[in-house]
Structure formats: C-alpha cells, structure tokens
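Trainee: File input-v8.pdb below, PDB, C-alpha atoms:
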ATOM      1  CA  MET C   1      20.991  -7.338  -0.679
ATOM      2  CA  ILE C   2      19.547  -7.358   2.824
ATOM      3  CA  TRP C   3      16.916  -4.852   1.733
ATOM      4  CA  LEU C   4      15.845  -7.167  -1.059
ATOM      5  CA  LEU C   5      15.369  -9.784   1.652
ATOM      6  CA  ALA C   6      13.390  -7.266   3.712
ATOM      7  CA  SER C   7      11.267  -6.516   0.650
ATOM      8  CA  ALA C   8      10.546 -10.228   0.119
ATOM      9  CA  LEU C   9       9.562 -10.666   3.769
ATOM     10  CA  LEU C  10       7.306  -7.597   3.774
ATOM     11  CA  PHE C  11       5.642  -8.706   0.540
ATOM     12  CA  SER C  12       4.913 -12.127   2.025
ATOM     13  CA  LEU C  13       3.562 -10.534   5.194
ATOM     14  CA  GLY C  14       1.259  -8.374   3.087
ATOM     15  CA  ALA C  15       0.049 -11.457   1.215
ATOM     16  CA  TYR C  16      -0.649 -13.150   4.554
ATOM     17  CA  GLY C  17      -2.644 -10.105   5.614
ATOM     18  CA  VAL C  18      -4.666 -10.110   2.394
ATOM     19  CA  LEU C  19      -5.498 -13.790   2.927
ATOM     20  CA  THR C  20      -6.458 -13.568   6.600
ATOM     21  CA  ARG C  21      -8.050 -10.156   7.089
ATOM     22  CA  ARG C  22     -11.824 -10.161   6.863
ATOM     23  CA  THR C  23     -12.675  -6.498   6.534
ATOM     24  CA  ALA C  24     -12.165  -4.680   3.258
ATOM     25  CA  ILE C  25     -10.253  -1.774   4.747
ATOM     26  CA  LEU C  26      -7.668  -4.011   6.431
ATOM     27  CA  VAL C  27      -7.222  -6.046   3.261
ATOM     28  CA  PHE C  28      -6.541  -2.732   1.583
ATOM     29  CA  LEU C  29      -4.016  -1.864   4.301
ATOM     30  CA  SER C  30      -2.182  -5.132   3.629
ATOM     31  CA  ILE C  31      -2.159  -4.359  -0.097
ATOM     32  CA  GLU C  32      -0.421  -1.083   0.721
ATOM     33  CA  LEU C  33       2.212  -3.078   2.603
ATOM     34  CA  MET C  34       2.818  -5.220  -0.491
ATOM     35  CA  LEU C  35       2.989  -2.162  -2.746
ATOM     36  CA  ASN C  36       5.554  -0.604  -0.442
ATOM     37  CA  ALA C  37       7.611  -3.807  -0.435
ATOM     38  CA  ALA C  38       7.739  -3.685  -4.240
ATOM     39  CA  ALA C  39       8.924  -0.071  -4.083
ATOM     40  CA  LEU C  40      11.618  -1.061  -1.576
ATOM     41  CA  ALA C  41      12.804  -3.784  -3.960
ATOM     42  CA  LEU C  42      13.008  -1.233  -6.785
ATOM     43  CA  VAL C  43      15.013   1.240  -4.711
ATOM     44  CA  SER C  44      17.496  -1.392  -3.531
ATOM     45  CA  LEU C  45      17.882  -2.652  -7.110
ATOM     46  CA  ALA C  46      18.525   0.945  -8.188
ATOM     47  CA  ARG C  47      21.361   0.986  -5.670
ATOM     48  CA  LEU C  48      22.682  -2.409  -6.789
ATOM     49  CA  THR C  49      22.634  -1.622 -10.510
ATOM     50  CA  GLY C  50      23.463   2.081 -10.296
ATOM     51  CA  SER C  51      20.450   3.126 -12.375
ATOM     52  CA  LEU C  52      18.227   6.028 -11.381
ATOM     53  CA  ASP C  53      15.313   4.885 -13.561
ATOM     54  CA  ALA C  54      14.069   2.568 -10.819
ATOM     55  CA  GLN C  55      13.815   5.510  -8.437
ATOM     56  CA  VAL C  56      11.708   7.386 -11.000
ATOM     57  CA  VAL C  57       9.443   4.347 -11.212
ATOM     58  CA  VAL C  58       9.105   4.416  -7.412
ATOM     59  CA  LEU C  59       7.936   8.023  -7.629
ATOM     60  CA  PHE C  60       5.262   6.901 -10.083
ATOM     61  CA  ILE C  61       4.306   4.033  -7.773
ATOM     62  CA  ILE C  62       3.780   6.483  -4.924
ATOM     63  CA  ALA C  63       1.661   8.807  -7.064
ATOM     64  CA  MET C  64      -0.350   5.838  -8.318
ATOM     65  CA  ALA C  65      -0.803   4.607  -4.749
ATOM     66  CA  ALA C  66      -2.254   7.976  -3.773
ATOM     67  CA  ALA C  67      -4.794   7.771  -6.598
ATOM     68  CA  GLU C  68      -5.552   4.154  -5.763
ATOM     69  CA  VAL C  69      -6.155   4.897  -2.098
ATOM     70  CA  ALA C  70      -8.492   7.774  -2.902
ATOM     71  CA  VAL C  71     -10.626   5.636  -5.200
ATOM     72  CA  GLY C  72     -10.396   2.493  -3.069
ATOM     73  CA  LEU C  73     -11.442   4.165   0.152
ATOM     74  CA  GLY C  74     -14.214   5.964  -1.729
ATOM     75  CA  LEU C  75     -15.424   2.570  -2.919
ATOM     76  CA  ILE C  76     -15.310   1.154   0.601
ATOM     77  CA  VAL C  77     -17.330   4.073   1.979
ATOM     78  CA  ALA C  78     -19.843   3.795  -0.873
ATOM     79  CA  ILE C  79     -20.205   0.033  -0.326
ATOM     80  CA  PHE C  80     -20.658   0.575   3.403
ATOM     81  CA  ARG C  81     -23.419   3.074   2.774
ATOM     82  CA  ARG C  82     -25.368   0.644   0.633
ATOM     83  CA  ARG C  83     -24.720  -2.638   2.464
ATOM     84  CA  GLU C  84     -23.856  -1.479   5.991
ATOM     85  CA  THR C  85     -20.944  -3.871   6.096
ATOM     86  CA  THR C  86     -17.379  -4.042   4.839
ATOM     87  CA  ASN C  87     -16.899  -7.697   5.700
ATOM     88  CA  ILE C  88     -15.674  -9.359   2.531
ATOM     89  CA  ASP C  89     -17.391 -12.611   3.438
ATOM     90  CA  GLU C  90     -20.734 -10.848   3.183
ATOM     91  CA  LEU C  91     -19.881  -8.896   0.030
ATOM     92  CA  ARG C  92     -20.085 -11.869  -2.290
ATOM     93  CA  GLN C  93     -22.287 -10.627  -5.123
ATOM     94  CA  LEU C  94     -19.369 -10.773  -7.564
ATOM     95  CA  ARG C  95     -18.193 -14.185  -6.380
ATOM     96  CA  TRP C  96     -19.315 -17.125  -8.450
TER      97      TRP C  96
ATOM     98  CA  MET T   1      27.368 -10.092   1.914
ATOM     99  CA  SER T   2      28.247  -8.416   5.153
ATOM    100  CA  VAL T   3      25.387  -7.260   7.294
ATOM    101  CA  GLY T   4      25.898  -4.574   9.898
ATOM    102  CA  PHE T   5      24.311  -4.446  13.312
ATOM    103  CA  TRP T   6      21.948  -1.568  12.524
ATOM    104  CA  GLU T   7      20.846  -3.189   9.299
ATOM    105  CA  MET T   8      19.771  -6.225  11.302
ATOM    106  CA  VAL T   9      17.972  -3.981  13.783
ATOM    107  CA  VAL T  10      16.087  -2.182  11.012
ATOM    108  CA  LEU T  11      15.230  -5.465   9.290
ATOM    109  CA  PHE T  12      13.872  -6.792  12.572
ATOM    110  CA  LEU T  13      11.821  -3.632  13.138
ATOM    111  CA  LEU T  14      10.498  -3.741   9.577
ATOM    112  CA  VAL T  15       9.289  -7.319   9.981
ATOM    113  CA  LEU T  16       7.894  -6.533  13.431
ATOM    114  CA  SER T  17       5.881  -3.553  12.194
ATOM    115  CA  GLY T  18       4.736  -5.567   9.174
ATOM    116  CA  LEU T  19       3.524  -8.318  11.497
ATOM    117  CA  ALA T  20       1.724  -5.698  13.555
ATOM    118  CA  VAL T  21      -0.027  -4.424  10.409
ATOM    119  CA  VAL T  22      -1.365  -7.849   9.504
ATOM    120  CA  ARG T  23      -2.040  -9.235  12.990
ATOM    121  CA  LEU T  24      -3.268  -6.421  15.255
ATOM    122  CA  GLN T  25      -6.978  -6.682  16.025
ATOM    123  CA  ASN T  26      -7.609  -2.955  16.285
ATOM    124  CA  ALA T  27      -7.695  -1.314  12.851
ATOM    125  CA  VAL T  28      -6.401   2.022  14.158
ATOM    126  CA  HIS T  29      -3.395   0.282  15.710
ATOM    127  CA  ALA T  30      -2.735  -1.536  12.428
ATOM    128  CA  ALA T  31      -2.747   1.773  10.533
ATOM    129  CA  LEU T  32      -0.348   3.302  13.085
ATOM    130  CA  ALA T  33       1.948   0.275  12.666
ATOM    131  CA  LEU T  34       1.795   0.933   8.929
ATOM    132  CA  ILE T  35       3.044   4.485   9.575
ATOM    133  CA  ALA T  36       5.979   3.052  11.549
ATOM    134  CA  ASN T  37       6.719   0.675   8.686
ATOM    135  CA  PHE T  38       6.651   3.483   6.109
ATOM    136  CA  LEU T  39       8.946   5.680   8.198
ATOM    137  CA  LEU T  40      11.427   2.816   8.569
ATOM    138  CA  VAL T  41      11.323   2.240   4.813
ATOM    139  CA  ALA T  42      11.956   5.965   4.280
ATOM    140  CA  GLY T  43      15.057   5.664   6.454
ATOM    141  CA  VAL T  44      16.191   2.712   4.366
ATOM    142  CA  TYR T  45      15.677   4.828   1.238
ATOM    143  CA  VAL T  46      18.044   7.459   2.610
ATOM    144  CA  ALA T  47      20.642   4.741   3.232
ATOM    145  CA  LEU T  48      20.147   3.513  -0.344
ATOM    146  CA  GLU T  49      20.900   6.906  -1.931
ATOM    147  CA  ALA T  50      17.267   7.714  -2.652
ATOM    148  CA  ARG T  51      16.781  10.839  -0.592
ATOM    149  CA  PHE T  52      14.126  12.492  -2.742
ATOM    150  CA  VAL T  53      12.095   9.280  -2.818
ATOM    151  CA  ALA T  54      12.492   9.088   0.971
ATOM    152  CA  MET T  55      11.030  12.585   1.375
ATOM    153  CA  ILE T  56       8.128  11.759  -0.942
ATOM    154  CA  GLN T  57       7.609   8.515   0.969
ATOM    155  CA  ILE T  58       7.255  10.406   4.240
ATOM    156  CA  ILE T  59       5.034  13.142   2.834
ATOM    157  CA  VAL T  60       2.746  11.091   0.610
ATOM    158  CA  TYR T  61       2.736   7.611   2.140
ATOM    159  CA  ALA T  62       3.202   8.185   5.861
ATOM    160  CA  GLY T  63       1.451  11.530   5.654
ATOM    161  CA  ALA T  64      -1.394  11.622   3.189
ATOM    162  CA  ILE T  65      -2.225   8.001   2.484
ATOM    163  CA  VAL T  66      -2.222   6.630   6.033
ATOM    164  CA  VAL T  67      -4.099   9.690   7.295
ATOM    165  CA  LEU T  68      -6.741   8.929   4.678
ATOM    166  CA  PHE T  69      -6.850   5.358   5.964
ATOM    167  CA  LEU T  70      -7.182   6.495   9.563
ATOM    168  CA  PHE T  71      -9.896   8.939   8.570
ATOM    169  CA  VAL T  72     -11.975   6.255   6.851
ATOM    170  CA  ILE T  73     -11.385   3.749   9.681
ATOM    171  CA  MET T  74     -12.631   6.264  12.228
ATOM    172  CA  LEU T  75     -15.540   7.282   9.956
ATOM    173  CA  LEU T  76     -16.661   3.672   9.716
ATOM    174  CA  SER T  77     -16.092   3.072  13.435
ATOM    175  CA  ALA T  78     -18.273   6.076  14.215
ATOM    176  CA  ALA T  79     -20.995   4.468  12.073
ATOM    177  CA  ASN T  80     -20.687   1.244  14.103
ATOM    178  CA  ALA T  81     -19.069  -0.732  11.320
ATOM    179  CA  ASN T  82     -16.902  -3.678  12.173
ATOM    180  CA  VAL T  83     -13.464  -2.495  11.106
ATOM    181  CA  GLY T  84     -11.442  -5.366  12.403
ATOM    182  CA  LEU T  85     -12.055  -5.660  16.114
ATOM    183  CA  ASP T  86     -13.404  -9.205  15.942
ATOM    184  CA  LEU T  87     -12.200 -10.415  12.606
ATOM    185  CA  LEU T  88     -12.179 -14.144  12.017
ATOM    186  CA  PRO T  89      -9.098 -15.354  10.184
ATOM    187  CA  ARG T  90     -10.379 -18.423   8.404
ATOM    188  CA  LEU T  91      -7.683 -21.060   7.981
ATOM    189  CA  PRO T  92      -4.852 -18.851   9.235
ATOM    190  CA  TRP T  93      -2.382 -21.727   8.992
ATOM    191  CA  ALA T  94      -3.149 -22.187   5.289
ATOM    192  CA  ALA T  95      -2.605 -18.468   4.695
ATOM    193  CA  ALA T  96       0.631 -18.617   6.697
ATOM    194  CA  LEU T  97       1.747 -21.599   4.621
ATOM    195  CA  GLY T  98       0.984 -19.702   1.421
ATOM    196  CA  ALA T  99       2.837 -16.620   2.619
ATOM    197  CA  LEU T 100       5.819 -18.735   3.695
ATOM    198  CA  GLY T 101       5.857 -20.410   0.291
ATOM    199  CA  LEU T 102       5.784 -17.028  -1.396
ATOM    200  CA  ALA T 103       8.656 -15.850   0.823
ATOM    201  CA  GLY T 104      10.570 -19.033  -0.045
ATOM    202  CA  VAL T 105      10.165 -18.454  -3.790
ATOM    203  CA  LEU T 106      11.225 -14.800  -3.449
ATOM    204  CA  VAL T 107      14.267 -15.637  -1.311
ATOM    205  CA  TYR T 108      15.198 -18.451  -3.709
ATOM    206  CA  GLY T 109      15.215 -15.930  -6.544
ATOM    207  CA  LEU T 110      17.167 -13.564  -4.321
ATOM    208  CA  ILE T 111      20.069 -15.877  -3.474
ATOM    209  CA  ARG T 112      20.624 -16.578  -7.172
ATOM    210  CA  TYR T 113      20.985 -12.887  -7.915
ATOM    211  CA  GLN T 114      24.517 -11.620  -8.370
ATOM    212  CA  PRO T 115      24.782  -7.832  -8.094
ATOM    213  CA  ALA T 116      27.225  -5.921 -10.240
ATOM    214  CA  ALA T 117      30.620  -5.409  -8.670
ATOM    215  CA  ASN T 118      30.901  -1.634  -8.705
ATOM    216  CA  PRO T 119      27.649   0.102  -9.563
ATOM    217  CA  PRO T 120      27.912   3.782 -10.476
ATOM    218  CA  ALA T 121      26.938   6.353  -7.896
ATOM    219  CA  LEU T 122      23.375   7.655  -7.914
ATOM    220  CA  GLY T 123      24.054  11.283  -7.050
ATOM    221  CA  GLY T 124      22.401  10.739  -3.676
ATOM    222  CA  GLY T 125      19.034  10.354  -5.368
ATOM    223  CA  LEU T 126      18.501  14.090  -5.065
ATOM    224  CA  PRO T 127      16.050  16.025  -7.267
ATOM    225  CA  GLN T 128      19.007  17.376  -9.252
ATOM    226  CA  ALA T 129      19.687  13.845 -10.431
ATOM    227  CA  LEU T 130      16.079  12.686 -10.787
ATOM    228  CA  GLY T 131      14.608  15.782 -12.438
ATOM    229  CA  PRO T 132      16.365  15.531 -15.808
ATOM    230  CA  LEU T 133      15.234  11.913 -16.108
ATOM    231  CA  LEU T 134      11.692  12.736 -15.062
ATOM    232  CA  TYR T 135      11.276  15.554 -17.600
ATOM    233  CA  ASP T 136      13.212  13.953 -20.440
ATOM    234  CA  PRO T 137      10.772  13.524 -23.372
ATOM    235  CA  GLU T 138      12.597  10.362 -24.399
ATOM    236  CA  LYS T 139      12.410   8.761 -20.970
ATOM    237  CA  TRP T 140       9.673   9.475 -18.458
ATOM    238  CA  LEU T 141       7.925  12.700 -19.476
ATOM    239  CA  PHE T 142       4.947  10.927 -21.028
ATOM    240  CA  ALA T 143       4.568   8.701 -17.952
ATOM    241  CA  LEU T 144       4.728  11.801 -15.750
ATOM    242  CA  LEU T 145       1.897  13.454 -17.691
ATOM    243  CA  ALA T 146      -0.098  10.232 -17.608
ATOM    244  CA  VAL T 147       0.283   9.999 -13.832
ATOM    245  CA  GLY T 148      -0.835  13.608 -13.488
ATOM    246  CA  PHE T 149      -3.938  12.822 -15.522
ATOM    247  CA  LEU T 150      -4.492   9.685 -13.435
ATOM    248  CA  LEU T 151      -4.474  11.770 -10.267
ATOM    249  CA  LEU T 152      -7.046  14.150 -11.773
ATOM    250  CA  VAL T 153      -9.304  11.249 -12.789
ATOM    251  CA  ALA T 154      -8.931   9.634  -9.352
ATOM    252  CA  THR T 155      -9.884  12.867  -7.609
ATOM    253  CA  VAL T 156     -13.022  13.234  -9.708
ATOM    254  CA  ALA T 157     -13.865   9.543  -9.216
ATOM    255  CA  ALA T 158     -13.456   9.753  -5.451
ATOM    256  CA  VAL T 159     -15.743  12.773  -5.268
ATOM    257  CA  VAL T 160     -18.389  11.110  -7.441
ATOM    258  CA  LEU T 161     -18.217   7.829  -5.500
ATOM    259  CA  VAL T 162     -18.995   9.325  -2.129
ATOM    260  CA  GLU T 163     -21.488  11.917  -3.310
ATOM    261  CA  PRO T 164     -24.712  11.549  -1.343
ATOM    262  CA  GLU T 165     -28.038  10.233  -2.504
ATOM    263  CA  ARG T 166     -28.465  11.899  -5.864
ATOM    264  CA  ILE T 167     -26.076   9.759  -7.850
ATOM    265  CA  LEU T 168     -26.561   6.790  -5.558
ATOM    266  CA  ALA T 169     -30.313   6.757  -6.164
ATOM    267  CA  ALA T 170     -29.807   6.891  -9.903
ATOM    268  CA  THR T 171     -27.497   3.887  -9.877
ATOM    269  CA  THR T 172     -29.318   1.689  -7.369
ATOM    270  CA  HIS T 173     -30.911  -1.291  -9.038
ATOM    271  CA  PRO T 174     -34.632  -1.271  -8.140
ATOM    272  CA  ALA T 175     -35.095  -5.055  -8.397
ATOM    273  CA  HIS T 176     -32.473  -5.978  -5.849
ATOM    274  CA  PRO T 177     -34.100  -6.602  -2.463
ATOM    275  CA  SER T 178     -30.878  -6.950  -0.495
ATOM    276  CA  GLN T 179     -30.016  -3.307  -0.955
ATOM    277  CA  LYS T 180     -31.494  -1.500   1.980
ATOM    278  CA  GLU T 181     -32.345   2.108   2.266
ATOM    279  CA  GLU T 182     -29.745   4.308   3.818
ATOM    280  CA  LYS T 183     -30.052   4.347   7.541
ATOM    281  CA  VAL T 184     -26.552   5.127   8.647
ATOM    282  CA  GLU T 185     -25.021   8.457   7.937
ATOM    283  CA  VAL T 186     -21.340   8.183   7.248
ATOM    284  CA  GLY T 187     -20.590  11.285   5.271
ATOM    285  CA  PRO T 188     -20.329  14.936   5.838
TER     286      PRO T 188
END
Kindly return the structure encoded in the file as structure tokens.
Mentor:
Amino acid sequence: MIWLLASALLFSLGAYGVLTRRTAILVFLSIELMLNAAALALVSLARLTGSLDAQVVVLFIIAMAAAEVAVGLGLIVAIFRRRETTNIDELRQLRW
Amino acid sequence: MSVGFWEMVVLFLLVLSGLAVVRLQNAVHAALALIANFLLVAGVYVALEARFVAMIQIIVYAGAIVVLFLFVIMLLSAANANVGLDLLPRLPWAAALGALGLAGVLVYGLIRYQPAANPPALGGGLPQALGPLLYDPEKWLFALLAVGFLLLVATVAAVVLVEPERILAATTHPAHPSQKEEKVEVGP
C-alpha cells in the first residue's frame, strides 16, 4: 500500500514538473517521472493481487519508454536545429 | 497497514529525489536526480517480488534512457541552448495547487482500495515465472512482437529525425520566414 502512495506522490510531482518547467527537455524528464510512477503502481498492484501480468505490462512500459525517449529526444534535437531554442513558450506554432 | 522504518526512509528519499527532478535549476543535476529516483524504484521492485523488472529498470531506465537524456542535455548545452539554467516557472503556485489536487484525488482513490487478504506468491518475479507468460500466444506474445516492431520503427525514426541537411532541406517550408538557416552545429 505504501508504494501505491509513493506512486501517487511521484505522479503528482511529475505533473508539477510538466506544468512548471519551461524547456522541452526538462518537461520530457518530468514525463519520465510520471511514467515511472505508473510502472511502480503496476508492480505494487501485482504484489497486492498476486498476478504476474502487471509485471509483464511493466516490461512493455519500459520498452515503450525506450522507444519514446529515442524519438522524443530526436525531435528535440531536430527542433533545436531549426529554431535554435527548446523553450516551449517560444515553440508555439501548434498552439491556437 | 503497518509501515516499517526503512519503508518510510525509502518513501522520503523517493519524494526527495522526485522534488529534485522537478525543481533543480541545472538540467544535468535534474537528470542525475532522476537516476537516483530510478535506482530507488528498482530497489522497491526487488522488495515487491519483481526482481527481473528491477534488473530491466536499472539497465534500461537508469542506464540507457537517462544516459540518452544526459547526452542530449550536454549536446544542447555545448550549442549554447538554454536547457534549464534560468527557467521561469510561470504561476508555480497554480501548478503546485494542480499537482496537490491530483495527489489528493489519487490518495482518495487509494484509501478506498481494499487489497486481497492473501495474494498468491509471484515466484520472486524471476524470468522463470515471467517468461512463460511473455511467450504465451494466448497472453502476451503478440504484444511482445508489437513492442519489438515498435523499437525497430523508433530506431529508424530517430535516425531519420536527426539526419543532417538533406532530409531537413526537403521538408523545410520555403514560405516560412521564421525558420532560420542552420548556424549552430549540434550533431556529429
């Protein structure tokens, strides 16, 4: 149970980071924190319910996170090359 | 729910390292705090009978992913990008309020949850227990193949995204004046 609490706290901290950070790479870092909190919740629920399926899902989450980081950081580098900034207040072409 | 001393210590350290990730001004320090957080979570996984997941967590998350982060942070720092040293948190109290509200909702859902009395053992979460599930055609085999394909696609996409000028020139919109020519070299 205490690890579910830890997961909730870490997820909220990650959300705070996403809302306050102003550079794309640190927003991305906070998203990783949230993703890891979700994985922690799954593992502690696997322990609480005695089902190994949740642990398999966590393995998939980790593999997906690796793919996501590769593409996301590639995007950040590509954006930096074209705009010379990664400040998300200046990257507002997609914002209405 | 009885909480041991070391569990409290680890919970405190987890929250502390999480705070460091979201509050530290230096991006490299934030990424190092993220490594500490991931290692702590890996230790928690071992305590929760998920040893294989703990190993993968250390190798992939704390190893590969954060190293990739550090690499890009240092690449951008070398190109004089602002990677967090003087970030301006707009309305930090509003964000803190939102995060606290989110935590409240999550904890509210948590205290209503009643775990089963005697859950079956997980076999330590070792590969011997996870492997048959992972390669069972009626359970997770298709997802495993899909994730493998996803990794292949992501690798190709990452290479294409950061390829120098050739592809970039072909995709740059000519009528957009805000897109400057490349002046800063940030790639190999």
Trainee: Starting from the displayed file, determine the output of the PyMOL selection byres ((chain T and resi 8-11) around 12) and express the residue list as a compact mmCIF listing (two decimals) with C-alpha atoms, in the coordinates of the input.
Mentor:
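File produced: expr-v1.txt:
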# COMPACT_ATOMS: atom_id res chain seq x y z
CA MET C 1 20.99 -7.34 -0.68
CA ILE C 2 19.55 -7.36 2.82
CA TRP C 3 16.92 -4.85 1.73
CA LEU C 4 15.84 -7.17 -1.06
CA LEU C 5 15.37 -9.78 1.65
CA ALA C 6 13.39 -7.27 3.71
CA SER C 7 11.27 -6.52 0.65
CA ALA C 8 10.55 -10.23 0.12
CA LEU C 9 9.56 -10.67 3.77
CA LEU C 10 7.31 -7.60 3.77
CA SER T 2 28.25 -8.42 5.15
CA VAL T 3 25.39 -7.26 7.29
CA GLY T 4 25.90 -4.57 9.90
CA PHE T 5 24.31 -4.45 13.31
CA TRP T 6 21.95 -1.57 12.52
CA GLU T 7 20.85 -3.19 9.30
CA PHE T 12 13.87 -6.79 12.57
CA LEU T 13 11.82 -3.63 13.14
CA LEU T 14 10.50 -3.74 9.58
CA VAL T 15 9.29 -7.32 9.98
CA LEU T 16 7.89 -6.53 13.43
CA SER T 17 5.88 -3.55 12.19
CA GLY T 18 4.74 -5.57 9.17
CA ALA T 36 5.98 3.05 11.55
CA ASN T 37 6.72 0.68 8.69
CA LEU T 39 8.95 5.68 8.20
CA LEU T 40 11.43 2.82 8.57
CA VAL T 41 11.32 2.24 4.81
CA ALA T 42 11.96 5.96 4.28
CA GLY T 43 15.06 5.66 6.45
CA VAL T 44 16.19 2.71 4.37
CA ALA T 47 20.64 4.74 3.23
Trainee: Could you tell me which residues the PyMOL selection byres ((chain T and resi 51-66) around 9) returns for this structure, as a PyMOL selection string?
Mentor: (chain C and resi 29+43+55-56+58-59+62-63+65-66+69-70) or (chain T and resi 31-32+34-39+41-50+67-71+124-127+130)
Trainee: For the atom pair atom CA of C:Ile79 and atom CA of T:Leu152, what is the interatomic distance in Å to one decimal place?
Mentor: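 A separation of 22.4 Å between them.
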Trainee: Please compute the atom CA of T:Trp93-atom CA of C:Tyr16 distance, one decimal, in Å.
Mentor: 9.8 Å
Trainee: What's the separation between atom CA of T:Leu97 and atom CA of C:Arg21, in Å to one decimal place?
Mentor: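 Spanning atom CA of T:Leu97 to atom CA of C:Arg21 is a straight-line distance of 15.3 Å.
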Trainee: Given 5 Å on each side, where is the centre and what are the edge lengths in Å to one decimal of the axis-aligned box enclosing the listed atoms of stretch 41-47 of chain T, as AutoDock Vina command-line options?
Mentor:
--center_x 16.0 --center_y 4.8 --center_z 3.8 --size_x 19.3 --size_y 15.2 --size_z 15.2
